[in-house]
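K.L.:
Okay, so here is data_25.txt, and as you'll see once you scroll down, it has compact mmCIF, C-alpha atoms.
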# COMPACT_ATOMS: atom_id res chain seq x y z
CA MET A 6 0.00 0.00 0.00
CA ARG A 7 1.18 3.52 -0.74
CA ARG A 8 3.22 5.09 2.05
CA GLY A 9 1.08 7.29 4.26
CA SER A 10 -2.25 5.99 2.98
CA LEU A 11 -3.31 4.71 6.40
CA GLU A 12 -2.54 8.14 7.83
CA LEU A 13 -4.68 9.70 5.08
CA CYS A 14 -7.53 7.29 5.83
CA LEU A 15 -7.44 8.10 9.54
CA LEU A 16 -7.34 11.86 8.94
CA ALA A 17 -10.16 11.58 6.39
CA ILE A 18 -12.38 9.65 8.83
CA LEU A 19 -11.61 12.14 11.60
CA GLY A 20 -12.36 14.95 9.15
CA ARG A 21 -16.01 13.87 9.34
CA GLY A 22 -16.16 14.19 13.12
CA LYS A 23 -14.75 12.92 16.39
CA ARG A 24 -14.19 9.19 16.75
CA TYR A 25 -12.84 6.77 19.34
CA GLY A 26 -10.36 3.95 18.66
CA TYR A 27 -12.72 1.05 18.04
CA ASP A 28 -15.01 3.28 15.98
CA LEU A 29 -12.06 4.23 13.75
CA VAL A 30 -11.09 0.59 13.32
CA GLN A 31 -14.65 -0.23 12.25
CA ALA A 32 -14.62 2.60 9.71
CA LEU A 33 -11.30 1.32 8.33
CA ALA A 34 -12.62 -2.25 8.22
CA ASN A 35 -15.35 -1.07 5.84
CA ALA A 36 -12.62 -0.29 3.30
CA GLU A 37 -11.46 -3.81 2.54
CA ALA A 38 -8.15 -2.68 1.06
CA VAL A 39 -7.00 -1.43 4.44
CA VAL A 40 -6.00 -4.51 6.39
CA ILE A 41 -4.16 -3.94 9.63
CA LYS A 42 -3.80 -5.46 13.04
CA GLU A 43 -6.18 -3.27 15.02
CA GLY A 44 -3.68 -2.57 17.80
CA THR A 45 -1.26 -0.87 15.42
CA ILE A 46 -3.71 1.98 14.91
CA TYR A 47 -2.98 3.30 18.41
CA PRO A 48 0.75 4.08 17.92
CA LEU A 49 -0.22 5.84 14.68
CA LEU A 50 -2.94 7.89 16.39
CA ASN A 51 -0.44 8.90 19.04
CA ARG A 52 2.12 9.87 16.41
CA LEU A 53 -0.49 12.07 14.75
CA LYS A 54 -1.16 13.54 18.19
CA ALA A 55 2.57 14.13 18.74
CA GLU A 56 2.62 15.95 15.39
CA GLY A 57 -0.31 18.12 16.51
CA LEU A 58 -2.59 16.81 13.75
CA VAL A 59 -5.15 15.31 16.10
CA ALA A 60 -6.26 16.00 19.65
CA ALA A 61 -7.68 13.47 22.09
CA GLU A 62 -9.91 13.61 25.12
CA TRP A 63 -11.50 11.05 27.41
CA GLU A 64 -15.28 11.23 27.52
CA PRO A 65 -17.80 9.11 29.42
CA SER A 66 -19.50 6.45 27.34
CA PRO A 67 -23.25 5.78 27.43
CA GLN A 68 -22.40 2.08 27.77
CA GLY A 69 -19.32 0.78 29.58
CA PRO A 70 -16.11 2.62 30.48
CA ALA A 71 -14.96 6.03 29.17
CA ARG A 72 -13.63 6.32 25.61
CA LYS A 73 -10.79 8.37 24.23
CA TYR A 74 -12.16 10.52 21.41
CA TYR A 75 -9.90 11.84 18.66
CA THR A 76 -10.59 15.04 16.71
CA LEU A 77 -8.79 16.77 13.86
CA THR A 78 -6.92 19.98 14.71
CA ALA A 79 -6.49 22.94 12.34
CA ASP A 80 -3.05 21.56 11.40
CA GLY A 81 -4.68 18.18 10.83
CA GLN A 82 -7.20 19.72 8.43
CA ARG A 83 -4.41 21.37 6.46
CA LYS A 84 -2.47 18.10 6.36
CA LEU A 85 -5.59 16.23 5.23
CA ALA A 86 -6.09 18.66 2.34
CA LEU A 87 -2.44 18.21 1.33
CA LEU A 88 -2.56 14.41 1.52
CA ARG A 89 -5.86 14.35 -0.39
CA ASP A 90 -4.30 16.31 -3.26
CA GLU A 91 -1.27 14.00 -3.27
CA TRP A 92 -3.52 10.96 -3.25
CA ARG A 93 -5.66 12.22 -6.16
CA CYS A 94 -2.54 12.95 -8.15
CA PHE A 95 -1.13 9.48 -7.39
CA LYS A 96 -4.47 7.78 -8.17
CA THR A 97 -4.88 9.63 -11.46
CA GLY A 98 -1.36 8.64 -12.52
CA VAL A 99 -1.84 4.97 -11.66
CA ASP A 100 -5.31 4.88 -13.28
CA ARG A 101 -3.86 6.33 -16.46
CA ILE A 102 -1.26 3.53 -16.61
CA VAL A 103 -3.48 0.66 -15.47
CA GLU A 104 -6.55 1.51 -17.55
CA ASP A 105 -4.80 2.59 -20.74
CA ASP A 106 -5.23 -0.42 -23.08
CA HIS A 107 -3.81 1.45 -26.05
CA GLY A 108 -0.59 2.62 -24.45
CA PRO A 109 2.92 1.55 -25.46
CA MET B 27 -17.57 -11.84 31.51
CA ASP B 28 -16.75 -15.07 33.34
CA PRO B 29 -13.43 -15.60 35.17
CA GLU B 30 -11.90 -17.37 32.16
CA THR B 31 -12.57 -14.54 29.68
CA THR B 32 -11.64 -11.91 32.29
CA GLY B 33 -8.35 -13.78 32.74
CA LEU B 34 -7.71 -13.69 28.98
CA VAL B 35 -8.24 -9.92 28.86
CA GLU B 36 -6.19 -9.35 32.01
CA ASP B 37 -3.36 -11.43 30.59
CA TYR B 38 -3.43 -9.43 27.33
CA VAL B 39 -3.35 -6.11 29.19
CA ARG B 40 -0.54 -7.40 31.40
CA ARG B 41 1.51 -8.26 28.29
CA LEU B 42 0.78 -4.82 26.89
CA ARG B 43 1.96 -3.14 30.09
CA ARG B 44 5.11 -5.29 30.02
CA SER B 45 5.84 -4.28 26.42
CA MET B 46 5.52 -0.62 27.45
CA ARG B 47 8.01 -1.09 30.30
CA GLY B 48 10.40 1.84 30.60
CA ALA B 49 7.67 4.40 29.92
CA THR B 50 6.31 6.60 32.70
CA PRO B 51 3.52 5.02 34.81
CA ASP B 52 0.91 7.55 33.60
CA VAL B 53 1.67 6.64 29.97
CA ILE B 54 1.46 2.90 30.68
CA ASP B 55 -1.83 3.38 32.55
CA GLU B 56 -3.37 5.46 29.76
CA GLY B 57 -2.21 3.06 27.02
CA ALA B 58 -3.64 0.08 28.91
CA ARG B 59 -6.86 1.99 29.60
CA GLU B 60 -7.37 2.77 25.93
CA ILE B 61 -6.76 -0.81 24.77
CA ARG B 62 -9.08 -2.09 27.50
CA ALA B 63 -11.76 0.33 26.27
CA HIS B 64 -11.21 -1.01 22.73
CA ILE B 65 -11.72 -4.59 23.95
CA ASP B 66 -14.87 -3.61 25.86
CA ASP B 67 -16.29 -1.82 22.81
CA ALA B 68 -15.50 -4.78 20.54
CA LEU B 69 -17.15 -7.25 22.93
CA ALA B 70 -20.18 -4.98 23.36
CA ALA B 71 -20.53 -4.83 19.56
CA ASN B 72 -20.44 -8.66 19.40
CA GLU B 73 -22.99 -9.01 22.19
CA ASP B 74 -21.12 -12.17 23.10
CA ALA B 75 -18.42 -12.26 25.74
CA GLY B 76 -17.64 -15.98 25.38
CA VAL B 77 -14.10 -17.33 25.18
CA GLY B 78 -14.24 -17.60 21.38
CA SER B 79 -15.41 -14.03 21.02
CA VAL B 80 -12.75 -12.66 23.37
CA LEU B 81 -10.02 -14.62 21.60
CA ALA B 82 -11.21 -13.26 18.24
CA VAL B 83 -11.12 -9.68 19.55
CA LEU B 84 -7.59 -10.14 20.93
CA GLU B 85 -6.50 -11.83 17.69
CA ARG B 86 -7.72 -8.84 15.66
CA LEU B 87 -5.87 -6.46 18.00
CA GLY B 88 -2.65 -8.38 17.39
CA PRO B 89 0.11 -9.27 19.88
CA PRO B 90 0.69 -6.34 22.27
CA GLU B 91 4.45 -6.82 21.86
CA GLU B 92 4.04 -5.66 18.24
CA TYR B 93 2.72 -2.21 19.05
CA GLY B 94 3.21 -1.57 22.79
CA ARG B 95 6.69 -0.05 22.47
CA ASP B 96 5.69 2.30 19.64
CA LEU B 97 2.58 3.30 21.54
CA ALA B 98 4.61 4.13 24.65
CA LEU B 99 7.22 6.04 22.66
CA TYR B 100 4.73 8.24 20.81
CA MET B 101 2.70 8.93 23.94
CA MET B 102 5.85 10.03 25.77
CA VAL B 103 7.06 12.08 22.82
CA GLU B 104 3.70 13.84 22.68
CA ALA B 105 3.83 14.66 26.39
CA GLY B 106 7.52 15.57 26.33
CA TYR B 107 7.98 17.47 23.09
CA ARG B 108 4.55 18.98 22.54
CA ARG B 109 3.56 19.71 26.10
CA TRP B 110 7.14 20.40 27.30
CA SER B 111 7.15 17.89 30.12
CA LEU B 112 10.86 17.48 30.97
CA ARG B 113 10.19 14.15 32.68
CA HIS B 114 8.59 12.71 29.53
CA MET B 115 11.18 14.33 27.30
CA VAL B 116 14.05 12.63 29.13
CA ARG B 117 12.24 9.30 29.46
CA SER B 118 11.17 9.19 25.80
CA THR B 119 14.73 9.98 24.69
CA LEU B 120 16.18 7.24 26.88
CA PHE B 121 13.39 4.86 25.79
CA TRP B 122 14.26 5.56 22.15
CA ALA B 123 18.00 5.15 22.87
CA LEU B 124 17.39 1.72 24.39
CA SER B 125 15.09 0.63 21.55
CA THR B 126 17.25 1.32 18.48
CA VAL B 127 20.93 1.39 17.46
CA VAL B 128 20.62 4.87 15.97
CA GLY B 129 18.78 6.08 19.08
CA GLY B 130 21.61 4.73 21.24
CA LEU B 131 24.27 6.36 19.06
CA VAL B 132 22.47 9.70 18.89
CA VAL B 133 21.84 9.86 22.62
CA SER B 134 25.46 8.86 23.37
CA LEU B 135 26.79 11.61 21.10
CA PHE B 136 24.47 14.21 22.59
CA GLY B 137 25.52 12.91 26.02
CA LEU B 138 29.20 13.50 25.19
CA ALA B 139 28.46 17.00 23.94
CA TYR B 140 26.43 17.74 27.09
CA ALA B 141 29.30 16.40 29.22
CA LEU B 142 31.69 18.76 27.41
CA ALA B 143 29.38 21.74 27.98
CA LEU B 144 28.93 20.84 31.65
CA ALA B 145 32.72 20.45 32.02
CA MET B 146 33.14 23.99 30.66
CA VAL B 147 30.60 25.38 33.13
CA GLY B 148 32.18 23.38 35.96
CA ALA B 149 35.68 24.57 35.04
CA ALA B 150 34.51 28.19 34.98
CA ALA B 151 32.80 27.79 38.35
CA ALA B 152 35.89 26.16 39.88
CA ARG B 153 38.16 28.92 38.60
CA HIS B 154 35.80 31.61 39.91
CA ALA B 155 35.66 29.88 43.29
CA TRP B 156 39.46 29.68 43.43
CA LEU B 157 39.82 33.37 42.51
CA LEU B 158 37.35 34.26 45.27
CA GLY B 159 39.51 32.37 47.75
CA LEU B 160 37.13 29.46 48.25
CA GLU B 161 40.00 27.03 48.49
CA ARG B 162 38.16 24.81 50.91
CA ILE B 163 35.75 23.97 48.10
CA VAL B 164 38.06 23.67 45.11
CA GLY B 165 41.36 22.86 46.84
CA ALA B 166 44.60 24.80 47.13
CA THR B 167 45.68 24.28 43.53
CA ASP B 168 44.63 26.74 40.82
CA PRO B 169 42.12 24.77 38.66
CA ARG B 170 44.00 26.08 35.62
CA ALA B 171 46.83 23.73 36.47
CA VAL B 172 44.67 20.65 36.10
CA LEU B 173 42.47 21.79 33.22
CA PRO B 174 43.30 20.84 29.63
CA ARG B 175 44.71 23.69 27.57
CA PRO B 176 41.75 25.15 25.72
CA LEU B 177 39.85 25.32 29.02
CA SER B 178 42.74 26.62 31.12
CA ASP B 179 43.58 29.39 28.63
CA ALA B 180 40.04 30.79 28.50
CA ALA B 181 38.83 33.51 30.85
CA PRO B 182 36.35 32.04 33.40
CA ILE B 183 33.53 34.34 32.31
CA ALA B 184 34.07 33.38 28.66
CA LEU B 185 34.12 29.71 29.61
CA LEU B 186 30.93 30.10 31.61
CA ALA B 187 29.18 31.91 28.77
CA ALA B 188 30.42 29.38 26.19
CA GLY B 189 29.39 26.42 28.38
CA ALA B 190 25.92 27.84 29.06
CA GLY B 191 25.52 28.78 25.39
CA LEU B 192 26.55 25.29 24.33
CA LEU B 193 24.03 23.76 26.75
CA ALA B 194 21.26 25.93 25.32
CA VAL B 195 22.23 25.19 21.70
CA LEU B 196 22.47 21.46 22.43
CA THR B 197 19.01 21.47 24.01
CA ILE B 198 17.53 23.27 21.01
CA MET B 199 19.33 20.89 18.61
CA ALA B 200 18.25 17.80 20.56
CA ARG B 201 14.65 18.96 20.61
CA TRP B 202 14.69 19.80 16.90
CA PHE B 203 16.36 16.49 16.11
CA VAL B 204 13.92 14.31 18.02
CA GLY B 205 11.01 16.38 16.71
CA GLN B 206 12.10 15.89 13.10
CA TYR B 207 12.86 12.23 13.60
CA VAL B 208 9.68 11.29 15.36
CA ARG B 209 7.51 13.36 13.05
CA ARG B 210 8.75 11.29 10.13
CA ALA B 211 9.03 7.95 11.86
CA ARG B 212 6.48 5.26 11.19
CA PRO B 213 5.79 2.68 13.85
CA HIS B 214 7.79 -0.36 12.79
CA THR B 215 4.71 -2.51 13.02
CA LEU B 216 3.16 -0.49 10.19
CA GLY B 217 6.20 -0.81 7.97
CA GLY B 218 4.67 -3.57 5.91
CA VAL B 219 1.45 -1.66 5.46
CA GLU B 220 2.87 1.72 4.62
CA GLY B 221 5.88 0.68 2.56
CA GLY B 222 8.68 1.14 5.06
CA ASP B 223 10.32 3.86 7.06
CA GLU B 224 12.27 5.39 4.16
CA TRP B 225 12.91 8.71 5.84
CA VAL B 226 14.10 7.13 9.04
CA GLU B 227 16.25 4.51 7.33
CA ARG B 228 17.86 7.04 5.01
CA THR B 229 18.56 9.45 7.86
CA SER B 230 19.87 6.67 10.10
CA ARG B 231 22.30 5.60 7.39
CA ARG B 232 23.48 9.19 6.96
CA ILE B 233 24.00 9.62 10.69
CA LEU B 234 26.02 6.41 10.84
CA VAL B 235 28.13 7.44 7.81
CA ILE B 236 28.83 10.92 9.22
CA ALA B 237 29.63 9.53 12.68
CA SER B 238 31.98 6.92 11.15
CA VAL B 239 33.78 9.54 9.05
CA GLY B 240 34.13 11.81 12.10
CA PHE B 241 35.44 8.94 14.21
CA VAL B 242 37.97 7.77 11.60
CA VAL B 243 39.24 11.31 10.97
CA ALA B 244 39.52 12.04 14.71
CA VAL B 245 41.39 8.83 15.45
CA ALA B 246 43.58 8.77 12.31
CA ALA B 247 44.63 12.44 12.44
CA GLY B 248 45.08 12.21 16.19
CA ALA B 249 47.23 9.10 15.94
CA VAL B 250 49.37 10.38 13.03
CA GLY B 251 49.79 13.82 14.62
CA GLY B 252 50.67 12.29 17.97
CA THR B 253 47.78 14.11 19.64
CA PHE B 254 46.95 11.08 21.66
CA ALA B 255 48.74 7.81 22.19
CA GLY B 256 47.48 4.35 21.25
CA GLY B 257 43.87 3.68 22.08
CA ALA B 258 43.41 6.51 24.57
CA PRO B 259 40.00 8.18 24.26
CA ALA B 260 40.24 11.01 21.77
CA LEU B 261 37.96 13.30 23.72
CA LEU B 262 40.22 13.29 26.77
CA ARG B 263 43.60 13.28 25.13
CA ALA B 264 43.06 15.40 22.03
CA ALA B 265 41.85 18.46 23.90
CA PRO B 266 45.14 19.61 25.47
CA ASP B 267 46.87 19.78 22.09
CA PHE B 268 44.10 21.08 19.86
CA SER B 269 46.22 23.97 18.66
CA ALA B 270 49.53 22.09 18.51
CA SER B 271 49.45 21.13 14.82
CA PRO B 272 47.17 21.06 11.78
CA LEU B 273 46.69 17.33 12.30
CA ALA B 274 45.57 17.93 15.88
CA ARG B 275 43.09 20.49 14.62
CA LEU B 276 41.89 18.00 12.02
CA SER B 277 41.44 15.46 14.79
CA GLY B 278 39.38 18.02 16.70
CA LEU B 279 37.31 18.67 13.59
CA GLY B 280 36.68 14.92 13.25
CA LEU B 281 35.54 14.85 16.85
CA ALA B 282 33.17 17.76 16.24
CA VAL B 283 31.74 15.97 13.19
CA LEU B 284 31.26 12.83 15.28
CA LEU B 285 29.42 14.76 17.98
CA LEU B 286 27.26 16.63 15.48
CA ALA B 287 26.47 13.51 13.38
CA PRO B 288 22.78 13.30 14.46
CA VAL B 289 22.06 16.92 13.60
CA LEU B 290 24.10 16.84 10.38
CA GLY B 291 22.33 13.62 9.32
CA VAL B 292 18.87 15.10 9.74
CA ALA B 293 19.92 18.40 8.15
CA TRP B 294 21.30 16.44 5.17
CA THR B 295 18.00 14.61 4.66
CA VAL B 296 15.90 17.75 5.10
CA LEU B 297 18.05 19.73 2.63
CA ALA B 298 18.12 16.86 0.12
CA GLN B 299 14.34 16.62 0.37
CA ARG B 300 13.93 20.35 -0.18
CA ALA B 301 16.27 20.20 -3.18
CA ARG B 302 14.03 17.50 -4.65
CA GLY B 303 10.97 19.62 -3.91
CA GLY B 304 9.55 17.31 -1.22
CA ASN B 305 7.82 18.54 1.93
Represent the structure from my file as structure tokens, please.

P.N.:
Amino acid sequence: MRRGSLELCLLAILGRGKRYGYDLVQALANAEAVVIKEGTIYPLLNRLKAEGLVAAEWEPSPQGPARKYYTLTADGQRKLALLRDEWRCFKTGVDRIVEDDHGP
Amino acid sequence: MDPETTGLVEDYVRRLRRSMRGATPDVIDEGAREIRAHIDDALAANEDAGVGSVLAVLERLGPPEEYGRDLALYMMVEAGYRRWSLRHMVRSTLFWALSTVVGGLVVSLFGLAYALALAMVGAAAARHAWLLGLERIVGATDPRAVLPRPLSDAAPIALLAAGAGLLAVLTIMARWFVGQYVRRARPHTLGGVEGGDEWVERTSRRILVIASVGFVVAVAAGAVGGTFAGGAPALLRAAPDFSASPLARLSGLGLAVLLLAPVLGVAWTVLAQRARGGN
């Protein structure tokens, strides 16, 4: 998988609103191309937090123990826009090669 | 959950806490709390807390040994370098040093440079104390007599200013270095997914190359120029004769390159990236 694509996926999901760890994993699981061991998402979330791209806060849960919710910061939104552009560019380039039956 | 399934979860969390060993207790507690919340949410979604269900949840999470260390490192880096917690800053740096070869090398080199800066401050303080007649503290001998030449020649106030300045510069460099490194680093467990830690690997190689060149130059020029004898540590024996000959100066330059290898390595990668138009 392209380098940084998991980071892009996480930022894109968080761009739609705050999420907690398991919720993020479920959203990723819906995209079948993204296959990871669920535990590895937590170091990545904390790296994004260390970079200032996401913020996290514990909130009480309606069922069971409290959950740690992640939200996108202003820096995270800028990074998401940048990664989205890079991804579109990459995707367009690959599509052009893969789907061009008449090419050399 | 029955005792058997509770035991499975407890055992998993215990392994996670063990894999985070070396981190601060608050970081270990928070990491364990978050993973436990994940397990609870997954079991609640299944509406089945039987042994099979618990095992499936833990299987999907993966072995805690695969991600616990990265989790601890990033949590400590976030607390230390974003929220300026000195305790976390020091612990995360040591944690990193004990986890990787490059981390160990970088921290050792910064440690040497810090020792040099502290020696300068100490030498200045000792000389000041001696000049003020505080012989009971520093002894009857003028500290100049026992200090190596560059330190003994310098005025105490200049030495104090240089030592304090060096400490400040080193702290800024260390913070910048770790910030750059960690910002680019990918958890090693994600390497297979994301295509590898190119930035980190490339920078690590550059640091090792620069440190090796600095070491070879320091030792070779020092040995040929007679700055230090045999296998004596360059740092201790090269200093008194820094200005004795061009070869001694070259040896000193090699030593400086060795000490600055981490910063030069990162700067090299950042500049190369900018030259290529990367971010």

K.L.:
Provide an axis-aligned box for all listed atoms of region 88-101 of chain A, padding each side by 3 Å; report its centre and its edge lengths in Å to one decimal, as AutoDock Vina command-line options.

P.N.:
--center_x -3.5 --center_y 10.6 --center_z -7.5 --size_x 10.7 --size_y 17.4 --size_z 24.0

K.L.:
Would you list which chain A residues are within 10 Å of chain B using all atoms listed in the file, as number ranges by chain?

P.N.:
A: 6-12, 25-28, 30-31, 39-57, 63, 66, 68-73

K.L.:
Name all residues at most 7 Å from Arg24 (chain A) (count all atoms listed in the file; drop same-chain ones fewer than 4 positions away) and give them as JSON, numbers by chain.

P.N.:
{"A": [19, 28, 29, 74, 75, 76]}

K.L.:
Just how far from CA of Ala287 (chain B) is CA of Arg231 (chain B), in Å to one decimal?

P.N.:
10.8 Å

K.L.:
For Val195 (chain B), please output as a list of chain:residue names all residues within 12 Å (counting all atoms listed in the file; exclusion window: fewer than 3 positions along the same chain).

P.N.:
B:Phe136, B:Ala139, B:Tyr140, B:Ala143, B:Ala187, B:Ala188, B:Gly189, B:Ala190, B:Gly191, B:Leu192, B:Ile198, B:Met199, B:Ala200, B:Arg201, B:Trp202, B:Phe203, B:Leu286, B:Val289

K.L.:
What is the distance, in Å and to one decimal place, between CA of Val127 (chain B) and CA of Leu281 (chain B)?

P.N.:
19.9 Å

K.L.:
One decimal, Å: what's the distance from CA of Gly22 (chain A) over to CA of Leu85 (chain A), could you say?

P.N.:
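Between CA of Gly22 (chain A) and CA of Leu85 (chain A) the gap is 13.3 Å.
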
K.L.:
Write out as a list in words each polymer residue whose atoms come within 9 Å of Trp92 (chain A), counting all atoms listed in the file; drop sequence neighbours fewer than 5 positions from it.

P.N.:
Ser10, Leu13, Leu87 and Thr97 of chain A
